[in-house]
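Working notes for the structure below.
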Amino acid sequence: MLLATTAALILLLVLAFLLLEAWPVLSGGGWGRFLSGEGWYPLEGRFGVLPMVWATLAVALGTIILAAPLGLAGAIFERFFAPAPIAKAYRMVLALLAGIPSVVYGLWGLTVLVPLIALWHPPGAGLFTAIVILTLMILPTVALTSASALQGVPASLLHGAAALGMNRKGVVIGVVVPAARSGIISGLLLAVARALGETMAVLMVAGNVVQYPTGLFDPVRVLTANIALEMGYATGDHRAGLFASGLMLTVMVLVLAWFSARLARDGRDG
Amino acid sequence: MKQSRLGKVVALIGLAMLSAVSEAGSDRLELTGSSTIAPLALVIGKRFEKQNPGVRVDVQTGGSSRGVADARSGLADIGMASRALKTVEQDLTPYTIALDGVSIIINRANPVTGLSDEQIKAVYTGRITNWKEVGGKDLPITVVNKAEGHSTLELFLHHFGLKNSAIKPQVIIGDNEQGIKTVAGNRGAIGYVSIGTAEYDAKQGAAIKLLPMAGVAASVRNVRNGSFPLSRPLNLVTKGRPSALAQRFIDFARSNAIDDLIQSQYFVPPQR
């Protein structure tokens with residue numbers, strides 16, 4: 001009980017600290033300058049953060065679009081279609097991949113993936129590469145959480161569907177996946193919340209140019225990479241602006257986590 | 001019963017952390033700042049550690065502006081700044097340990113052998129977008145710029161009379177090494193880094209080459225004889241009087257005992 005309240009207290013303290021440090025740029029009409037589209041040039045006093053917000057959302061959306069079907073397919077394969085030894089090996093490989101540090105993915109992305117994509121679409125470092133890297137990072141997690149959601153479907157549903165004469169594919173796609181829907185989505189949202197917080201990997205492969213993502217291969221800068229690039233030397237309004245973007249990110253992640261918890265709970269009760 | 005055991009474990013962990021923190025106080029030297037100076041500071045630090053057992057020298061990058069800010073706030077014992085101090089930074093004391101230049105680099109497979117100042121400005125502001133316009137292959141130019149807070153960027157902007165908002169980059173990088181890896185991995189890329197870092201990496205096999213600036217070849221020799229147009233001092237900065245350990249390190253870094261290290265990193269020892 002004490003540990004639980006301590007954890008909640010720490011979270012509240014972090015939020016309060018972020019709000020306090022961001023206050024100079026948020027108070028008294030600072031909103032306008034912060035949310036305008038004038039571009040992020042802190043050395044010249046311009047703090048428009050919108051291009052980076054859109055870039056962060058675009059990266060998150062792209063990651064969901066790629067990781068959800070691939071992760072779910074992996075989980076379905078492991079649970080229903082793989083022979084037992086292969087399923088076990090697959091689970092181990094996924095758990096191993098899920099444990100690789102993100103900066104290793106970033107290094108691999110910078111030295112292997114970016115030059116490859118540069119051959120196809122210069123400059124190589126951009127929105128697409130960031131999406132690919134983040135998908136690789138969260139794919140094992142999505143597959144593992146989907147697999148446990150599928151496992152949680154009551155066996156009676158499976159028996160009933162089989163008794164109705166459905167084949168395996170029909171049972172899986174028509175009965176099990178809809179029944180495990182909330183668990184799968186909840187796992188996906190949590191994985192995306194992690195992807196939103198990735199810093200070094202995205203910094204190495206996304207190009208880091210502050211602009212609206214108009215094309216799939218445009219270089220973009222996400223909020224986390226911005227904080228990492230500039231926090232070391234930022235002072236005054238610039239620093240407050242970085243804290244404000246950190247606050248925005250935290251709120252995004254909190255919203256995702258809340259949705260995820262709601263869905264998981266509804267799935268259990270419903 | 002369970003609670004008292006938990007309490008003992010927490011107390012033990014707390015004691016361990018406390019002892020680690022107190023040990024870190026006197027024999028650790030924290031250097032942060034320029035990614036140009038960092039490799040040199042690392043090798044000097046290793047030699048210093050060998051000659052002073054029990055001392056640890058930690059080096060972190062983050063840009064010259066971070067070095068200045070950390071030296072001012074006390075987060076670092078010594079800041080590393082690869083430029084002269086500005087007028088607003090006169091509360092800090094600089095100690096020059098080497099000289100370096102800033103050179104344009106392109107991919108080794110690029111046939112272009114030189115660019116005039118006007119061409120460099122045009123490429124960076126987006127007026128020239130293909131290598132064939134400057135005598136190269138038909139390949140779009142990938143402009144690599146440094147993030148704000150790095151002195152290499154400030155020196156580049158100052159030398160060519162540009163503002164950062166006028167530059168149209170395709171990739172923005174943080175440390176020198178990220179820039180070199182980006183240019184080495186992209187045949188149409190152009191960037192700018194410290195001459196020392198670029199020559200060092202090129203000798204290790206990185207697929208980059210240094211372009212001459214205003215007709216002067218980008219080499220250590222030309223930085224030493226002063227003919228290279230874009231050179232800068234590599235400074236260690238402190239606020240007020242440095243601690244005894246920091247002063248010893250600074251004296252060591254400015255002595256000729258480490259000249260071989262400076263030359264191995266392709267920098268130029270300062271006039272003494």
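Naming scheme: A, B, ... for chains in displayed order of the structure tokens; residues 1 onward per chain; ligands 1 onward as shown.
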
Can you build me a table of range 27-101 of chain B residues sitting at most 12 Å from range 245-260 of chain B, with the closest atom pair per residue and its distance in Å to one decimal, using only C-alpha atoms, sorted by chain and residue number, as JSON lines?
```
{"residue": "B:Asp27", "atom": "CA", "partner": "B:Leu245", "partner_atom": "CA", "distance": 7.7}
{"residue": "B:Arg28", "atom": "CA", "partner": "B:Leu245", "partner_atom": "CA", "distance": 8.6}
{"residue": "B:Leu29", "atom": "CA", "partner": "B:Ala246", "partner_atom": "CA", "distance": 6.8}
{"residue": "B:Glu30", "atom": "CA", "partner": "B:Ala246", "partner_atom": "CA", "distance": 9.1}
{"residue": "B:Leu31", "atom": "CA", "partner": "B:Ala246", "partner_atom": "CA", "distance": 9.7}
{"residue": "B:Ile37", "atom": "CA", "partner": "B:Ala253", "partner_atom": "CA", "distance": 11.7}
{"residue": "B:Leu40", "atom": "CA", "partner": "B:Ala253", "partner_atom": "CA", "distance": 9.7}
{"residue": "B:Ala41", "atom": "CA", "partner": "B:Ala253", "partner_atom": "CA", "distance": 8.4}
{"residue": "B:Leu42", "atom": "CA", "partner": "B:Ala253", "partner_atom": "CA", "distance": 11.1}
{"residue": "B:Val43", "atom": "CA", "partner": "B:Ile258", "partner_atom": "CA", "distance": 9.3}
{"residue": "B:Ile44", "atom": "CA", "partner": "B:Ala253", "partner_atom": "CA", "distance": 6.7}
{"residue": "B:Gly45", "atom": "CA", "partner": "B:Phe249", "partner_atom": "CA", "distance": 8.1}
{"residue": "B:Lys46", "atom": "CA", "partner": "B:Phe249", "partner_atom": "CA", "distance": 11.1}
{"residue": "B:Arg47", "atom": "CA", "partner": "B:Ile258", "partner_atom": "CA", "distance": 8.6}
{"residue": "B:Phe48", "atom": "CA", "partner": "B:Phe249", "partner_atom": "CA", "distance": 7.2}
{"residue": "B:Glu49", "atom": "CA", "partner": "B:Phe249", "partner_atom": "CA", "distance": 9.8}
{"residue": "B:Gln51", "atom": "CA", "partner": "B:Phe252", "partner_atom": "CA", "distance": 10.4}
{"residue": "B:Asn52", "atom": "CA", "partner": "B:Phe249", "partner_atom": "CA", "distance": 10.1}
{"residue": "B:Gly54", "atom": "CA", "partner": "B:Leu245", "partner_atom": "CA", "distance": 11.8}
{"residue": "B:Val55", "atom": "CA", "partner": "B:Leu245", "partner_atom": "CA", "distance": 9.0}
{"residue": "B:Arg56", "atom": "CA", "partner": "B:Leu245", "partner_atom": "CA", "distance": 10.6}
{"residue": "B:Val57", "atom": "CA", "partner": "B:Phe249", "partner_atom": "CA", "distance": 9.3}
{"residue": "B:Ala71", "atom": "CA", "partner": "B:Ala246", "partner_atom": "CA", "distance": 11.8}
{"residue": "B:Ala76", "atom": "CA", "partner": "B:Ala246", "partner_atom": "CA", "distance": 10.5}
{"residue": "B:Asp77", "atom": "CA", "partner": "B:Ala246", "partner_atom": "CA", "distance": 6.8}
{"residue": "B:Ile78", "atom": "CA", "partner": "B:Ala246", "partner_atom": "CA", "distance": 7.1}
{"residue": "B:Gly79", "atom": "CA", "partner": "B:Ala246", "partner_atom": "CA", "distance": 10.8}
{"residue": "B:Met80", "atom": "CA", "partner": "B:Ile250", "partner_atom": "CA", "distance": 11.3}
{"residue": "B:Thr93", "atom": "CA", "partner": "B:Ile250", "partner_atom": "CA", "distance": 11.6}
{"residue": "B:Pro94", "atom": "CA", "partner": "B:Ile250", "partner_atom": "CA", "distance": 10.3}
{"residue": "B:Tyr95", "atom": "CA", "partner": "B:Ile250", "partner_atom": "CA", "distance": 7.5}
{"residue": "B:Thr96", "atom": "CA", "partner": "B:Arg254", "partner_atom": "CA", "distance": 7.4}
{"residue": "B:Ile97", "atom": "CA", "partner": "B:Arg254", "partner_atom": "CA", "distance": 5.3}
{"residue": "B:Ala98", "atom": "CA", "partner": "B:Arg254", "partner_atom": "CA", "distance": 8.3}
{"residue": "B:Leu99", "atom": "CA", "partner": "B:Asp259", "partner_atom": "CA", "distance": 11.9}
```

Problem set entry | Residues of chain A within 10 Å of chain B, only C-alpha atoms counted, as number ranges by chain | A: 39-44, 107, 110-119, 121-126, 203-210, 218-221, 226, 228-235

For this session: Run DSSP on the backbone and grab whatever in range 22-52 of chain A lands in strand (DSSP E or B); send it over as a PyMOL selection string.
Result: chain A and resi 40-41+46-47

Exercise. Can you tell me, as a PyMOL selection string, what residues are no more than 10 Å from range 181-184 of chain A when counting only C-alpha atoms, ignoring any on the same chain fewer than 3 positions away?
Worked result: chain A and resi 68+71-72+75+142-150+152-153+176-178+187-189+260-268+270

For this session: Find, counting only C-alpha atoms, the residue in A:Met137, A:Leu127, A:Ala193, A:Leu70 that gets nearest to Leu256 in chain A.
Result: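 Among the listed residues, the smallest separation from Leu256 in chain A belongs to A:Ala193.
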
Seminar exercise, completed: The residue from B:Gly226, B:Gly74, B:Val237, B:Gly136 with the smallest atom-to-atom distance to Gly114 in chain B, counting only C-alpha atoms, is B:Gly136

Problem set entry | Expected answer as a ChimeraX atom specification: helix (DSSP H, G or I) residues in range 76-268 of chain B | /B:87-89,117-124,131-134,151-160,164-166,176-184,195-203,220-224,244-254,256-264

Problem set entry | For Gly62 in chain A: contacts at 9 Å, only C-alpha atoms, fewer than 2 positions along chain excluded, given as number ranges by chain | A: 57-60, 64-67, 127-128, 131-132, 135

Output C-alpha atoms for every residue in the selection just made, as a compact mmCIF listing (two decimals), in the first residue's frame.
```
# COMPACT_ATOMS: atom_id res chain seq x y z
CA LEU A 57 2.25 11.85 -34.02
CA ALA A 58 3.16 10.80 -37.58
CA VAL A 59 5.90 8.50 -36.30
CA ALA A 60 3.54 6.99 -33.70
CA ILE A 64 0.96 1.46 -35.09
CA ILE A 65 0.04 0.78 -38.72
CA LEU A 66 3.10 -1.43 -39.21
CA ALA A 67 3.47 -3.07 -35.83
CA LEU A 127 10.21 9.61 -41.14
CA PHE A 128 10.16 6.20 -42.84
CA ILE A 131 8.99 4.24 -38.31
CA VAL A 132 10.86 1.09 -39.36
CA THR A 135 8.33 -0.94 -35.41
```

Exercise. Which residues come within 10 Å of Ala161 in chain A, counting only C-alpha atoms, excluding same-chain residues fewer than 2 positions away, as a count of residues only?
Worked result: 17
